[in-house]
Structures are given as structure tokens and as C-alpha cells.
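Single-structure report; data block below.
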Amino acid sequence: MTDTPAHLQALAIDIAREAGELARRRRSEGVSIAATKSTLADIVTEADREVENLVRRRIAEERPGDGFLGEESGAERGTTDITWVVDPIDGTVNYAYGIPAYAVSIAAVSGEPDPAHYTAQAAAVFNPASGELFHAARGEGAHLDGARLAVTPAPDVSGALVATGFGYDPSTHAGDLARAGRVLAFSRDLRRIGAASLDLAFVAAGRLDGYFERGLHPWDHAAGALLVTEAGGLVGGGGEGGTPSRVMTVAAGPELFPRLLEAALAV
Ligand code: IPD
């Protein structure tokens, strides 16, 4: 079994395409919400479960000893140093409503399977609705369908286009809105795309200058964060040692990052 970032990236890409095709097909057959989880916005469709099963089965076939951490089926420790962190359909609300901004997000990480202690090795974020596949391998750059990505320099923060999201815990929404207001006050405009992996992929691609959100889980940001750092950006937040966490995840180019982090973490 080969553990190079390039090898892990190739597998992530293959599985993301296969899983994305299943998600797209299910979407065209009509989607029904299978369950609401913590809140009305926190939903799961049959397709989420089916796509996660496919990803989990394909990884187990190709790399039987690896660990797995998935949004729908939870965590399983492996016997190798690699864990696959997977959101089968990130942006499930968009998916359910037919908004073409959802993605299969797959990361291979080494070390302990939590963001404060892992090192992302490879990532694939595939949006089946647009056909765009963002991918990265540690030390080898981030790419969109083979073309190298770079974050925007954004030297003038007042011209920054920034995205955010609102976590599923209603008790945090007043704080989310206050934070969004603080960032809007110094930026060009704010976006709420509805899929964290795409927000991060768009930062990597220079389509957004920055992104921040509280309440994310590792499966929401593991793949996208590697895209950003491999595209020359920074990712951090409110976790141990400034790592992304449920408290806060922030991503931007090096010039905007400190300003955005400060605004996002201010109480
Ligand atoms: C959600 C999306 C959304 C973000 C939520 C995430 P899901 O993931 O990424 O943009 O605001 O915090 O949980 O539930 O659609 O996989």
C-alpha cells in the first residue's frame, strides 16, 4: 500500500467522481428528506447515506486498514496512520432544494483523526452539479481539474469578498449575525454559499478572498482546508494551537487572514 500524497489524491479523486455521479443520479430521480437531525436546517437524505456507504466501501476495498470518519456513519479507527474524513454530500440543504452548490468532500489525513493533531495529505472536493473537481496533495499544490490554484493576494481588505455560514445550533445565530456584520463592515460583500467545502475550494481558487464559520465538523473542512493551504492560503480558527474547530474556522490569503481571524474570534 502506497501512502504518498499523490497516490492518496488519485484515490480520493476516483472515489469522489464515482460518489458524485451517484449523488447526481439520485438528485435527478428526486430527493426526499429522510430525517432532520439537530435542527430544521440539519437534514439527511437517503442519498447522503447511500453516497457515504459507497465511499466507505470503496476505501475499504482499496485500503482495508485505514480509518474512517464520516458525517453519516461516524468514526472507525484503522490500523494504518491514514484516516479518511468524508462528507458524502456537503451542502445537503442545497442538494435537497436543487441548488447546484453541493459537493462530495474527501480528505486523507495522517495522525490522530482530529484537526488539532492531524496532517491532511490529500483532498478531493467534487461538485457533480457543475462538474468541477478541486483536488490537492500535500506539498504538490491544489488544482481545479488539473489547473493550478492560487488564493487572491487581496492586499486591500476593504475590497475582500468573504463567505460565511450559519451553524445548526440556533443559540449561536445572534452571535453569527453580529460577526457577519463586523466582517461586512470592512469587506466588499458577504456570501452564504451553503457548502463549507465549496466555500474553502473557492478561497483556494481565488473566487472568494476569505471564509469564516463557526460550528463546523472535520468532515466539513478537512478537504477544503488542504486546498486552501496548498493554494498559498492560511486556515485556522478557535481550536488548540489556532487550528480549525467547532468554535471557528477561518480561511484566507496571508494578508487578509489575521484581520478576518480577529473579527471572527472577537466576542
Ligand atoms: C453544512 C454545510 C453548510 C454549513 C454547515 C455544514 P452539510 O454541511 O457545509 O454550508 O453552514 O455548517 O454543516 O450538513 O450540508 O453536510
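Within each chain, counting starts at residue 1; across the C-alpha cells, chains are named A, B, ... in the order shown, with ligands numbered 1 upward in that order.
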
Which residues of range 98-185 of chain A sit at most 7 Å from range 23-41 of chain A, using only C-alpha atoms? Give each one's shortest atom pair and distance in Å (one decimal place), in chain and ascending residue order, as a Markdown table.
```
| residue | atom | partner | partner_atom | distance |
| --- | --- | --- | --- | --- |
| A:Pro128 | CA | A:Arg24 | CA | 6.0 |
| A:Ala129 | CA | A:Arg24 | CA | 6.8 |
| A:Tyr168 | CA | A:Thr39 | CA | 6.2 |
```

Contact residues around range 222-231 of chain A with only C-alpha atoms at 7 Å, ignoring same-chain residues under 4 positions, as an MDAnalysis selection string: chainID A and resid 85 105:107 120 123:125 135:136 138:139 141:142 149:151 197 200:201 203:204 218 235

Using only C-alpha atoms and all ligand atoms, find each residue of chain A with at least one atom at most 9 Å away from an atom of ligand 1; report its shortest atom-to-atom pair and that distance in Å (one decimal), sort the rows by chain and rising residue number, and return the result as a tab-separated table.
```
residue	atom	partner	partner_atom_place_in_ligand_line	distance
A:Ala41	CA	ligand 1	14 (O)	8.0
A:Asp42	CA	ligand 1	14 (O)	5.8
A:Ile43	CA	ligand 1	14 (O)	6.7
A:Val44	CA	ligand 1	14 (O)	7.6
A:Asp48	CA	ligand 1	16 (O)	8.6
A:Glu71	CA	ligand 1	16 (O)	7.2
A:Asp87	CA	ligand 1	16 (O)	6.0
A:Pro88	CA	ligand 1	16 (O)	7.4
A:Ile89	CA	ligand 1	16 (O)	5.6
A:Asp90	CA	ligand 1	16 (O)	3.6
A:Gly91	CA	ligand 1	15 (O)	3.3
A:Thr92	CA	ligand 1	15 (O)	3.8
A:Val93	CA	ligand 1	15 (O)	5.9
A:Asn94	CA	ligand 1	15 (O)	7.6
A:Tyr95	CA	ligand 1	15 (O)	8.2
A:Tyr102	CA	ligand 1	15 (O)	7.7
A:Ala103	CA	ligand 1	16 (O)	8.7
A:Thr164	CA	ligand 1	11 (O)	7.4
A:Gly165	CA	ligand 1	11 (O)	4.1
A:Phe166	CA	ligand 1	11 (O)	4.9
A:Gly167	CA	ligand 1	12 (O)	4.3
A:Tyr168	CA	ligand 1	12 (O)	6.2
A:Arg192	CA	ligand 1	10 (O)	7.5
A:Ile193	CA	ligand 1	10 (O)	6.4
A:Gly194	CA	ligand 1	10 (O)	3.4
A:Ala195	CA	ligand 1	10 (O)	3.4
A:Ala196	CA	ligand 1	9 (O)	3.7
A:Ser197	CA	ligand 1	9 (O)	6.3
A:Leu198	CA	ligand 1	9 (O)	8.0
A:Asp199	CA	ligand 1	10 (O)	7.8
A:Glu213	CA	ligand 1	11 (O)	7.2
A:Arg214	CA	ligand 1	12 (O)	7.4
A:Gly215	CA	ligand 1	12 (O)	5.9
A:Leu216	CA	ligand 1	12 (O)	5.1
A:His217	CA	ligand 1	13 (O)	7.0
A:Trp219	CA	ligand 1	16 (O)	8.0
A:Asp220	CA	ligand 1	9 (O)	5.6
A:His221	CA	ligand 1	9 (O)	8.3
```

Could you write out the selected residues, including C-alpha atoms, as a tab-separated table (two decimals), in the first residue's frame?
```
chain	number	residue	atom	x	y	z
A	41	ALA	CA	-31.55	23.00	8.63
A	42	ASP	CA	-29.66	19.88	9.71
A	43	ILE	CA	-31.10	17.31	7.33
A	44	VAL	CA	-30.11	13.99	5.87
A	48	ASP	CA	-26.35	11.14	1.84
A	71	GLU	CA	-20.70	12.63	8.65
A	87	ASP	CA	-18.76	14.42	3.91
A	88	PRO	CA	-20.77	12.45	1.32
A	89	ILE	CA	-22.96	15.43	0.37
A	90	ASP	CA	-21.77	18.72	1.80
A	91	GLY	CA	-24.49	21.31	1.26
A	92	THR	CA	-27.36	18.88	1.83
A	93	VAL	CA	-29.92	21.70	2.06
A	94	ASN	CA	-28.83	22.98	-1.38
A	95	TYR	CA	-28.99	19.41	-2.66
A	102	TYR	CA	-23.15	20.77	-3.13
A	103	ALA	CA	-20.11	18.52	-3.09
A	164	THR	CA	-19.69	32.61	5.82
A	165	GLY	CA	-22.29	30.13	7.02
A	166	PHE	CA	-24.59	29.68	9.97
A	167	GLY	CA	-24.15	26.59	12.08
A	168	TYR	CA	-27.05	24.39	13.07
A	192	ARG	CA	-23.58	32.34	2.10
A	193	ILE	CA	-23.00	29.57	-0.42
A	194	GLY	CA	-24.25	26.73	1.77
A	195	ALA	CA	-21.46	24.16	1.42
A	196	ALA	CA	-18.34	24.66	3.53
A	197	SER	CA	-16.16	22.51	1.27
A	198	LEU	CA	-17.06	24.73	-1.71
A	199	ASP	CA	-16.50	27.92	0.32
A	213	GLU	CA	-17.80	29.90	10.02
A	214	ARG	CA	-18.42	28.56	13.50
A	215	GLY	CA	-19.84	25.11	14.25
A	216	LEU	CA	-18.06	23.13	11.51
A	217	HIS	CA	-17.06	19.50	11.91
A	219	TRP	CA	-15.76	16.44	7.55
A	220	ASP	CA	-16.90	19.95	6.54
A	221	HIS	CA	-13.39	21.44	6.38
```

Residue among A:Gly98, A:Asp14, A:Pro254, A:Thr79 lying closest to Ile59 in chain A, counting only C-alpha atoms: A:Asp14

Atomic separation - CA of Gly78 in chain A relative to CA of Thr2 in chain A, Å: 15.6 Å

Residues within 10 Å of Ala75 in chain A, only C-alpha atoms, excluding chain neighbours under 6 positions, as a list in words: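 Within the cut-off, the hits are Gly67, Phe68, Leu69, Thr83, Trp84, Val85 and Pro113 of chain A.
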
May I have the residues from that selection written out with N, CA and C atoms, as a CSV table (one decimal), in the first residue's frame?
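Full text of selection_23.csv as output:
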```
chain,number,residue,atom,x,y,z
A,67,GLY,N,-8.4,4.2,8.7
A,67,GLY,CA,-9.6,4.6,9.5
A,67,GLY,C,-10.6,5.4,8.7
A,68,PHE,N,-11.7,5.7,9.3
A,68,PHE,CA,-12.8,6.4,8.5
A,68,PHE,C,-13.5,7.3,9.5
A,69,LEU,N,-13.8,8.5,9.1
A,69,LEU,CA,-14.6,9.4,9.9
A,69,LEU,C,-15.6,10.1,8.9
A,83,THR,N,-6.5,8.2,8.0
A,83,THR,CA,-7.9,8.2,8.2
A,83,THR,C,-8.5,9.0,7.1
A,84,TRP,N,-9.7,8.5,6.6
A,84,TRP,CA,-10.4,9.3,5.5
A,84,TRP,C,-11.5,10.0,6.2
A,85,VAL,N,-11.6,11.3,5.9
A,85,VAL,CA,-12.6,12.2,6.6
A,85,VAL,C,-13.5,12.6,5.4
A,113,PRO,N,-7.1,11.4,14.3
A,113,PRO,CA,-8.1,11.9,13.5
A,113,PRO,C,-8.9,13.1,14.0
```
